[in-house]
Every structure is written in structure tokens, then in C-alpha cells.
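Visitor: Next up is a structure, given as C-alpha cells.
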Amino acid sequence: MPVLKASNVTHYFDGLAAVSGFNLDLETYELVGIIGPNGAGKTTIFNLITGVYQATYGNILFEETEIVGETPSRITSLGIARTFQNIRLFKELSVLDNVRIAHYARVSYGPVEALLHMGRFRKEEEEIIGHSMDLLAFLKLESYADEISKNLPYGLQRRLEIARALATRPKLLLLDEPAAGMNPNEVGQLMEFIQWIRKEFNLTILLIEHQMHLVMNICERLLVLDFGETIAEGEPRDIQNNPRVLEVYLGEVQC
Amino acid sequence: MLLPALLGFVFVLSLVIQQFELLDPYVQLIIMYIGINIILTLSLNLINGYMGEFSVGHAGFMAIGAYVASYLTVKVFPAHTVTWLFPVAVIAGGAAAGVIGLVVAFPSFKTRGDYLAIVTLAFGMIVKSAIENIDALGGPRGFLGMDKLSTLPWVFFWVLVSVWVIRNLIYSNFGRGVLSIREDEVASDLMSVNTNHVKILAFTVSSFFAGVAGALFAHLLQFINPRAFDIIKSTDILIMVYLGGIGSIAGSVIGATIYTVLLEVLRPMGIWRMVFMPLVLVLLMIYRPKGIMGLKEFRWFIPVRDLLASRIWREKKVVT
């Protein structure tokens with residue numbers, strides 16, 4: 001059973017097709033990369049899957065549930081979490097609060113209990129703090145728990161974004177250019193980190209990336225997008241030698 | 001334990017002061033104004049400071065609370081029960097404002113920033129002109145006949161309730177949702193926060209307390225008219241929020257206190273007061289845009305569970 005099945009997903013911005021006829025089957029525990037030049041529609045696909053945009057047509061099934069038309073918060077609580085191309089942490093809040101916020105959907109106490117700090121409130125709040133700290137400790141961010149998140153170094157902000165996404169307990173994780181702005185050494189560590197969290201949290205991962213070194217090494221399958229269309233799909237080795245991909249990236253081969 | 005004891009003491013003190021007229025009535029009046037302004041400031045801070053929206057129609061909610069409560073005490077409740085039923089009138093005023101708060105919450109699902117500010121501005125105008133056109137409420141002439149039911153202990157009690165409830169809201173799941181909307185609404189939604197629910201709750205609680213403040217205000221002044229709740233009043237509340245500091249309970253208390261006291265102290269300046277106060281605001285925005293306590297909080301307003309969250313967790317780890 002595929003975790004995610006997108007069929008013929010098409011999205012128009014004012015008559016301009018940002019994504020057209022996009023198809024994707026993601027199997028459980030797969031690690032798939034989406035590559036393509038700037039403006040190819042990669043992030044749009046993430047926005048369509050997570051409900052930020054509504055597909056003009058097409059279906060997206062997550063574990064056989066249609067998610068086109070659902071709100072982002074609903075889709076996230078079903079089990080899809082993401083990070084952002086430009087880090088979008090809750091900047092002025094502490095590292096711990098960033099992770100605690102992502103527990104929102106798991107709280108069962110209601111507004112009255114919240115306003116009075118009574119009933120299930122106490123127990124659940126303590127559980128959330130416990131889970132959040134455990135998660136931070138697991139990702140080696142625990143010593144920064146009380147720091148304001150905007151004060152963290154860049155690499156740790158990236159990691160905190162992943163921690164925050166993991167706090168929503170996803171089955172499918174979407175990483176939007178996780179290696180952006182990292183040096184080769186850091187990219188190496190990131191590759192190990194991604195594979196490690198996949199194993200530990202039993203995740204299916206879809207990632208967008210420009211660093212070929214990273215996608216070629218860790219992705220099991222690649223999709224290449226150009227002007228909103230999928231121009232190639234397959235194992236990294238085959239993609240490397242695909243003439244259309246080379247054309248998109250390097251320009252037409254002149255003899 | 002120290003804090004409840006202290007607050008209990010102050011409450012008893014306020015009762016004693018009221019009973020034996022220990023304080024000059026004028027000073028009592030100022031203290032009650034401070035209390036009412038603290039409630040208003042907290043209420044607006046929830047929307048503007050914590051949630052990062054920009055409401056400029058808070059006087060509208062205040063008006064609803066003031067008129068509903070006054071109508072109840074003057075026209076509905078039998079005269080001899082008024083003193084005892086005053087809390088009911090205050091709660092009813094707050095509840096009416098809270099329900100109307102939904103009217104503003106729904107546009108906020110789709111609209112934010114400047115556009116929502118205009119929605120709230122329009123809302124304030126609608127409330128004012130609606131009241132002006134209801135004869136049963138005295139129309140533009142205003143409404144009177146209320147007994148002076150707002151007393152020092154009652155105002156103090158409602159300040160405590162509003163501080164406590166808004167603190168509880170902020171340090172809960174919904175409160176973190178409110179903060180995350182301020183920081184990045186899209187990211188908040190994508191981290192599973194039901195932003196619509198959070199906004200409904202924030203607007204309801206905020207307008208409830210604005211209504212409560214209105215009810216207390218009406219029974220302190222014993223006369224209300226629609227002009228008392230126009231854009232100038234909303235601006236006053238805005239000034240107190242930004243003076244004290246956005247996203248801070250301590251800031252709301254400080255901002256409301258300083259502003260109210262300054263206005264009184266500067267009364268001899270006459271009309272120049274209205275030059276001086278805005279000037280203070282301009283300087284504040286230039287040199288300290290987040291206000292005196294912007295995004296900071298006194299420790300005793302923060303629940304221990306939150307204040308020491310990471311430390312408690314580490315200590316537990318050591319034990320196990």
C-alpha cells in the first residue's frame with residue numbers, strides 16, 4: 001500500500017501551470033528526492049501535499065484518504081510534516097516552545113480546562129513537556145531548550161525545524177532543501193542524520209534538494225521536474241545519465 | 001503560596017478601605033480606573049501583543065459590556081437586588097461582548113494585518129452608531145441611572161480574574177497556538193495548530209474581558225454615552241498596550257498604571273497633556289518599540305511548570 005499517492009495533480013497560478021499532471025507513489029519507508037531547476041514547481045508540490053495550496057485538479061491520497069481540500073493542520077495531524085526552504089521557526093519563542101507547539105493536535109483538554117488550568121490540563125501539559133524534552137534530547141538539542149530559537153546557529157535551527165516536524169508524529173516527512181546553506185562537511189553529517197531519523201522514527205521521506213551529492217547518495221528514487229512537469233523518474237544512477245535531465249541542467253548538448 | 005496570601009491581604013485591605021473610607025474618594029477613583037484599564041489592556045494585549053493581530057475596535061466590545069450590564073441593573077433587575085446581582089450583570093456584559101467577539105473572529109480566518117485592523121475599525125463604528133440609534137439605550141444622549149456599584153474590592157477582584165484567566169490561556173496549548181500565529185501563521189497551521197479554533201478562543205476571551213471592563217466602567221461613572229466608546233477610547237487602550245509592552249501580562253499592568261497615573265498627574269497641564277502623551281508614545285516607538293516589558297514577563301506570572309520546564313525534566317532524569 002503506498003503511503004502517498006498523487007495522481008494527475010495540477011495547479012494553476014492565474015492561468016499559469018505551476019505543476020501539471022504530477023504523479024507520485026511513495027511506498028512505506030522510501031526515501032525519494034525531487035530535483036529540478038529553480039521555479040520548476042518543487043516547493044509548490046510540497047504546498048499542495050500539505051494543503052497550503054489546493055490542487056486545481058487531481059487527487060492526493062494519504063494512506064488511502066483523500067487530502068485535497070483538507071486544511072494544513074488536519075493534514076499534519078493525519079501524519080504529514082514538513083520543513084521549509086527558508087527556515088520558518090517561531091523565532092521569538094524558546095526551542096522548547098517550538099517543539100511544544102507541534103504537539104497541539106495531541107491535546108485532549110478543552111478551552112475551559114485550559115482557562116482554569118484544571119482537569120486533564122496538568123497531566124497532559126506535563127506529558128507534552130516530557131515528550132518535547134525527550135525529543136530534543138534525542139536530537140541533541142536538549143541543552144538549548146531555553147534558548148530563543150532565533151539565537152541558535154544556523155545548522156541547529158535546521159535541526160530544530162526537523163525536531164519540530166517530528167513532534168507532530170509524522171509518518172511522512174517532507175524536507176524542503178534541508179542542506180541549503182551548508183558546507184560539504186555539514187552536508188555529510190546531514191545525510192547521516194536523515195538516514196538515522198528515518199530508521200529511528202520509521203519515516204517515509206520526500207525531499208527537495210539542489211545538492212546533487214546529497215540526493216545521489218541517499219535517495220532511492222528521484223523525480224526531475226522542469227516547468228511543472230515531471231521529465232524523468234528513476235534511480236539516481238539512471239537519472240545522472242538521462243539526456244533530458246542533462247539538457248535541463250547543462251543546456252542542450254551541441255555537437 | 002506567598003502570592004495568594006499577598007493577594008488575599010490586598011483584597012481584604014480594599015474591603016476595609018471601602019468600608020471605612022480610609023482613602024480619599026478621588027484616589028479610590030483613580031485606583032479603580034487603573035484596575036479597569038489593566039483589564040482593557042490585558043484584553044487587547046491578547047489580540048495585538050500575543051496573537052500579533054491589530055485590533056482597533058476594542059472600545060466597541062467595551063461599549064457592549066457597558067450597555068448590557070447597565071441595562072440589566074437599571075431596567076431589568078429589581079432595585080433592591082441590584083447590589084447582589086451586580087456580578088451577574090458584569091458577567092452578562094462580558095458574555096454579550098464575548099459572543100459579539102465571534103463576529104470579529106470569523107473575518108480573521110481569512111484576513112490579517114492591516115486588513116483585519118480595518119475590519120475591527122469598522123466594527124467599532126458599527127457598535128457606536130448602533131447604540132446611537134437604539135432609543136431604549138438613550139441613543140446619542142447616553143444612558144444613566146446606574147448605582148455606583150463598582151467598588152474597590154469588585155474592581156480588584158475582576159483584575160485578578162482577568163490576569164489569572166489570561167495567564168492560564170497563554171500558558172496552555174491554545175496560548176502557544178496564539179503565540180505561534182504571531183510568529184508565523186502558515187508554519188503554525190502546518191505544525192497542526194487549528195488556527196481558526198485558536199482565534200475564536202482568543203477573540204472570545206479578549207472581548208469578554210473588554211465587556212467586563214465596560215460594565216465596571218459604566219457602574220463607576222454612572223453615566224455612559226456612545227461617544228465614550230469611540231476610536232479615541234480604542235486608541236487609549238492601544239497606547240497602554242504598546243507603552244507597557246506587547247505580549248506581556250506584567251507589561252499590561254505597568255502600561256495601564258503608568259498611563260492612567262500620568263494622565264492624572266499631568267491634568268494641570270490642561271490641553272498640553274494631549275500633546276505630551278502622544279509625544280511620549282512617539283519617543284517610545286523610536287527608542288523602545290516593544291514597550292517597557294515587550295515579550296518579557298515577571299517570573300511570578302509564569303506557572304512553575306513552564307518557568308522551570310527543562311530543569312524539572314533534567315532533575316527527573318537524574319532520579320530515574
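Each chain in the C-alpha cells gets a letter, A, B, ..., in the order shown, and its residues are numbered from 1; ligands are numbered from 1 in order too.
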Determine which residues of chain B sit within 8 Å of chain A, taking into account only C-alpha atoms, and present them as a list in words.
Guide: Val165, Ile166, Asn168, Leu169, Ser172, Asn173, Phe174, Arg176, Gly177, Ser180, Glu183, Asp184, Val186, Ala187, Ser188, Asp189, Leu190, Met191, Ser192, Val193, Asn194, Leu201, Arg305, Ala309, Ser310 and Trp313 of chain B
Visitor: Got time to write the residues from that selection, N, CA and C atoms, as a CSV table (one decimal), in the first residue's frame?
Guide:
chain,number,residue,atom,x,y,z
B,165,VAL,N,-7.0,34.3,34.3
B,165,VAL,CA,-7.5,33.6,33.2
B,165,VAL,C,-6.7,33.8,31.9
B,166,ILE,N,-6.2,35.0,31.7
B,166,ILE,CA,-5.4,35.3,30.5
B,166,ILE,C,-4.0,34.6,30.7
B,168,ASN,N,-3.6,31.9,32.3
B,168,ASN,CA,-3.8,30.5,32.1
B,168,ASN,C,-4.0,30.1,30.6
B,169,LEU,N,-4.6,31.0,29.9
B,169,LEU,CA,-4.8,30.8,28.5
B,169,LEU,C,-3.4,30.8,27.8
B,172,SER,N,-1.0,27.6,28.0
B,172,SER,CA,-1.7,26.4,27.7
B,172,SER,C,-1.5,26.1,26.2
B,173,ASN,N,-2.0,25.0,25.8
B,173,ASN,CA,-1.9,24.6,24.4
B,173,ASN,C,-2.4,25.7,23.5
B,174,PHE,N,-3.6,26.2,23.8
B,174,PHE,CA,-4.2,27.3,23.0
B,174,PHE,C,-3.3,28.5,23.0
B,176,ARG,N,-0.1,28.7,23.4
B,176,ARG,CA,1.0,28.5,22.5
B,176,ARG,C,0.6,28.6,21.0
B,177,GLY,N,-0.6,28.2,20.7
B,177,GLY,CA,-1.2,28.4,19.4
B,177,GLY,C,-1.3,29.9,19.1
B,180,SER,N,2.1,31.2,18.3
B,180,SER,CA,2.6,30.7,17.0
B,180,SER,C,2.0,31.4,15.8
B,183,GLU,N,4.0,34.5,15.4
B,183,GLU,CA,5.3,34.2,14.9
B,183,GLU,C,5.3,33.9,13.4
B,184,ASP,N,4.4,33.0,13.0
B,184,ASP,CA,4.3,32.6,11.6
B,184,ASP,C,3.0,31.7,11.4
B,186,VAL,N,1.4,30.5,8.9
B,186,VAL,CA,1.4,29.4,7.9
B,186,VAL,C,2.1,28.2,8.6
B,187,ALA,N,3.3,28.5,9.2
B,187,ALA,CA,4.0,27.4,9.9
B,187,ALA,C,3.2,26.9,11.0
B,188,SER,N,2.5,27.7,11.7
B,188,SER,CA,1.7,27.3,12.8
B,188,SER,C,0.6,26.3,12.4
B,189,ASP,N,-0.1,26.6,11.3
B,189,ASP,CA,-1.1,25.7,10.7
B,189,ASP,C,-0.4,24.4,10.3
B,190,LEU,N,0.8,24.5,9.7
B,190,LEU,CA,1.5,23.3,9.3
B,190,LEU,C,2.1,22.5,10.4
B,191,MET,N,2.1,23.0,11.6
B,191,MET,CA,2.5,22.3,12.8
B,191,MET,C,1.3,21.8,13.6
B,192,SER,N,0.2,21.6,12.9
B,192,SER,CA,-1.0,21.0,13.4
B,192,SER,C,-1.9,21.9,14.3
B,193,VAL,N,-1.5,23.2,14.4
B,193,VAL,CA,-2.3,24.1,15.2
B,193,VAL,C,-3.6,24.5,14.4
B,194,ASN,N,-4.7,24.3,15.0
B,194,ASN,CA,-6.0,24.6,14.4
B,194,ASN,C,-6.2,26.1,14.6
B,201,LEU,N,-11.1,31.4,20.2
B,201,LEU,CA,-11.0,31.4,21.7
B,201,LEU,C,-10.3,32.7,22.1
B,305,ARG,N,5.6,25.2,36.3
B,305,ARG,CA,5.7,24.1,35.3
B,305,ARG,C,6.4,24.6,34.0
B,309,ALA,N,10.5,24.3,33.2
B,309,ALA,CA,10.3,23.0,32.5
B,309,ALA,C,11.5,22.2,32.2
B,310,SER,N,12.5,22.8,31.7
B,310,SER,CA,13.7,22.0,31.3
B,310,SER,C,14.4,21.5,32.6
B,313,TRP,N,12.6,18.6,34.2
B,313,TRP,CA,12.8,17.4,33.3
B,313,TRP,C,14.2,16.8,33.6
Visitor: Pull the strand (DSSP E or B) assignments for range 46-233 of chain B out of DSSP run on the backbone, and list those residues as a count of residues only.
Guide: 4
Visitor: Measure the distance from CA of Leu31 in chain A to CA of Asn217 in chain A in Å and round it to one decimal.
Guide: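 Between these atoms lies a distance of 10.9 Å.
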Visitor: In range 35-208 of chain A, what's alpha helix (DSSP H) per DSSP? Answer as a ChimeraX atom specification?
Guide: /A:42-49,72-78,95-101,111-116,121-138,154-167,184-201
